[in-house]
Structure formats: C-alpha cells, structure tokens
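K.L.:
Got a structure for you, written out below as structure tokens; questions coming shortly.
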Amino acid sequence: MHVLTIHPWWAAAIVRGLKPTENRSWAPPRRLGEGAILHIHAGIRRASASDRAAVAAQLASAGLPTSLASELLSAPTGRIVGSVVFAGVDTQLRTPWDVAGLFHWRLSSPTPLAGPALSGRLGLWSYAE
C-alpha cells in the first residue's frame with residue numbers, strides 16, 4: 001500500500017474530509033496514479049505554539065470553525081489514520097488549502113481507519129500489511 005506521512009493535525013483533517021489537498025514541494029511519483037488508494041500516516045511530531053496558531057488561521061481561511069483546532073491538534077500520532085483516493089496533482093491555486101509554489105495533491109473519498117502504529121518515513125512509502 002502507498003503511504004504518506006503528514007503532521008498529525010493535518011492527517012486528521014484529511015481523513016475527516018476537511019482538507020482535500022496536501023501540499024508538497026515535490027510531485028508524486030508516477031507509481032501513484034490517479035485513482036490510487038493512498039494511506040495517510042500521522043507523524044509523531046507534536047504541535048508547537050506556532051503550529052497551533054497556524055492551524056487555527058488555516059481553518060478560519062477555509063471557512064471552518066477555529067474550535068476544530070484543539071480537536072485536530074490532539075489527534076492520534078504515529079499510526080495510519082485513514083485512506084483517501086489520489087485524485088491528481090496540479091499547481092493551480094483552487095482552494096483555501098493551496099500554497100503558492102507547491103504541488104497540490106488532490107484527495108477525495110476520505111475514510112478514517114484505526115490503523116497500526118508505525119514509524120513514518122519521508123516521501124511516499126510502501127507498507128505491506
């Protein structure tokens with residue numbers, strides 16, 4: 001299975017269907033084609049004070065209640081938390097989640113999962129159950 005490690009608060013937002021885009025400085029490898037299932041791994045990093053402020057600001061800019069921030073910031077870490085369908089990649093600024101100058105991985109059909117505890121990795125990685 002294809003797995004992508006993401007900060008835990010954004011991983012939680014993705015699998016709950018709140019964040020349909022993941023911004024990366026690199027394009028996805030060809031092996032991750034449109035329609036592929038991508039598992040979302042919540043990294044182990046804990047949120048700093050600046051992370052907390054950034055989460056609240058990003059939620060507000062996306063038109064979501066900032067009260068969600070505390071819930072997202074206390075999300076599980078170090079495990080697969082769900083899956084999505086990879087719907088493509090582009091560099092157009094189409095949603096409040098898009099960051100200029102980055103690749104916007106479009107995600108759909110989020111499904112929360114109570115996956116196994118695992119160490120994350122940089123980049124797109126594979127995991128055999």
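Chain labels A, B, ... are given in the sequence in which chains occur in the structure tokens; within each chain residues are numbered consecutively from 1, and ligands are likewise numbered from 1 in the order shown.
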For region 106-112 of chain A, list every protein, DNA or RNA residue within 7 Å, evaluated using only C-alpha atoms, and leave out those in the same chain fewer than 6 positions away; present the list as JSON, numbers by chain.

P.N.:
{"A": [14, 15, 16, 17, 20, 21, 22, 81, 82, 83, 84, 85, 86, 87, 88, 89]}

K.L.:
Could you take the residues named above and write them with C-alpha atoms, as a short mmCIF file (atom, residue, chain, number, x, y, z; two decimals), in the first residue's frame?

P.N.:
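And here is the file that came out, part22.cif:
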data_model
loop_
_atom_site.label_atom_id
_atom_site.label_comp_id
_atom_site.auth_asym_id
_atom_site.auth_seq_id
_atom_site.Cartn_x
_atom_site.Cartn_y
_atom_site.Cartn_z
CA ILE A 14 -7.68 15.00 5.65
CA VAL A 15 -9.32 11.77 6.81
CA ARG A 16 -12.28 13.72 8.22
CA GLY A 17 -12.83 15.32 4.83
CA PRO A 20 -8.96 17.93 0.34
CA THR A 21 -5.43 18.98 -0.60
CA GLU A 22 -1.95 18.05 0.62
CA VAL A 81 -5.30 7.07 10.46
CA GLY A 82 -7.12 6.64 7.17
CA SER A 83 -7.08 6.45 3.43
CA VAL A 84 -8.01 8.66 0.50
CA VAL A 85 -8.20 8.36 -3.24
CA PHE A 86 -5.43 10.25 -5.04
CA ALA A 87 -7.34 12.44 -7.49
CA GLY A 88 -4.41 14.13 -9.23
CA VAL A 89 -1.87 16.88 -8.78
#

K.L.:
From the DSSP assignment of the backbone, select every residue of region 30-104 of chain A that is strand (DSSP E), and format the answer as an MDAnalysis selection string.

P.N.:
chainID A and resid 37:42 79:90 103:104

K.L.:
For the selection you just gave me, I'd like the residues written to a file as a tab-separated table (two decimals), in the first residue's frame, keeping C-alpha atoms.

P.N.:
chain	number	residue	atom	x	y	z
A	37	ILE	CA	-5.60	4.47	-2.73
A	38	LEU	CA	-3.25	6.49	-0.54
A	39	HIS	CA	-3.00	5.70	3.17
A	40	ILE	CA	-2.48	8.63	5.50
A	41	HIS	CA	0.05	8.20	8.30
A	42	ALA	CA	0.00	10.68	11.19
A	79	ARG	CA	-0.13	5.44	13.00
A	80	ILE	CA	-2.12	5.09	9.83
A	81	VAL	CA	-5.30	7.07	10.46
A	82	GLY	CA	-7.12	6.64	7.17
A	83	SER	CA	-7.08	6.45	3.43
A	84	VAL	CA	-8.01	8.66	0.50
A	85	VAL	CA	-8.20	8.36	-3.24
A	86	PHE	CA	-5.43	10.25	-5.04
A	87	ALA	CA	-7.34	12.44	-7.49
A	88	GLY	CA	-4.41	14.13	-9.23
A	89	VAL	CA	-1.87	16.88	-8.78
A	90	ASP	CA	-1.59	20.46	-10.00
A	103	PHE	CA	2.35	20.84	-5.77
A	104	HIS	CA	-1.26	20.36	-4.67

K.L.:
Could you state the separation of CA of Arg45 (chain A) and CA of Leu122 (chain A) in Å, given to one decimal place?

P.N.:
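These two atoms are separated by 13.1 Å.
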
K.L.:
Using only C-alpha atoms, which residue out of A:Thr95, A:Ser119, A:Thr66, A:Asn23 lies closest to Gly43 (chain A)?

P.N.:
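Nearest to Gly43 (chain A): A:Ser119.
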
K.L.:
What's the separation between CA of Pro96 (chain A) and CA of Ala49 (chain A), in Å to one decimal place?

P.N.:
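A separation of 22.0 Å between them.
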
K.L.:
Quick one: distance from CA of Lys19 (chain A) to CA of Trp125 (chain A) in Å, one decimal?

P.N.:
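Rounded to one decimal, the two atoms are 21.1 Å apart.
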
K.L.:
A:Thr77, A:Ser70, A:Gln92, A:Gln58: which is nearest Ile44 (chain A), counting only C-alpha atoms?

P.N.:
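For Ile44 (chain A), the nearest of the candidates is A:Thr77.
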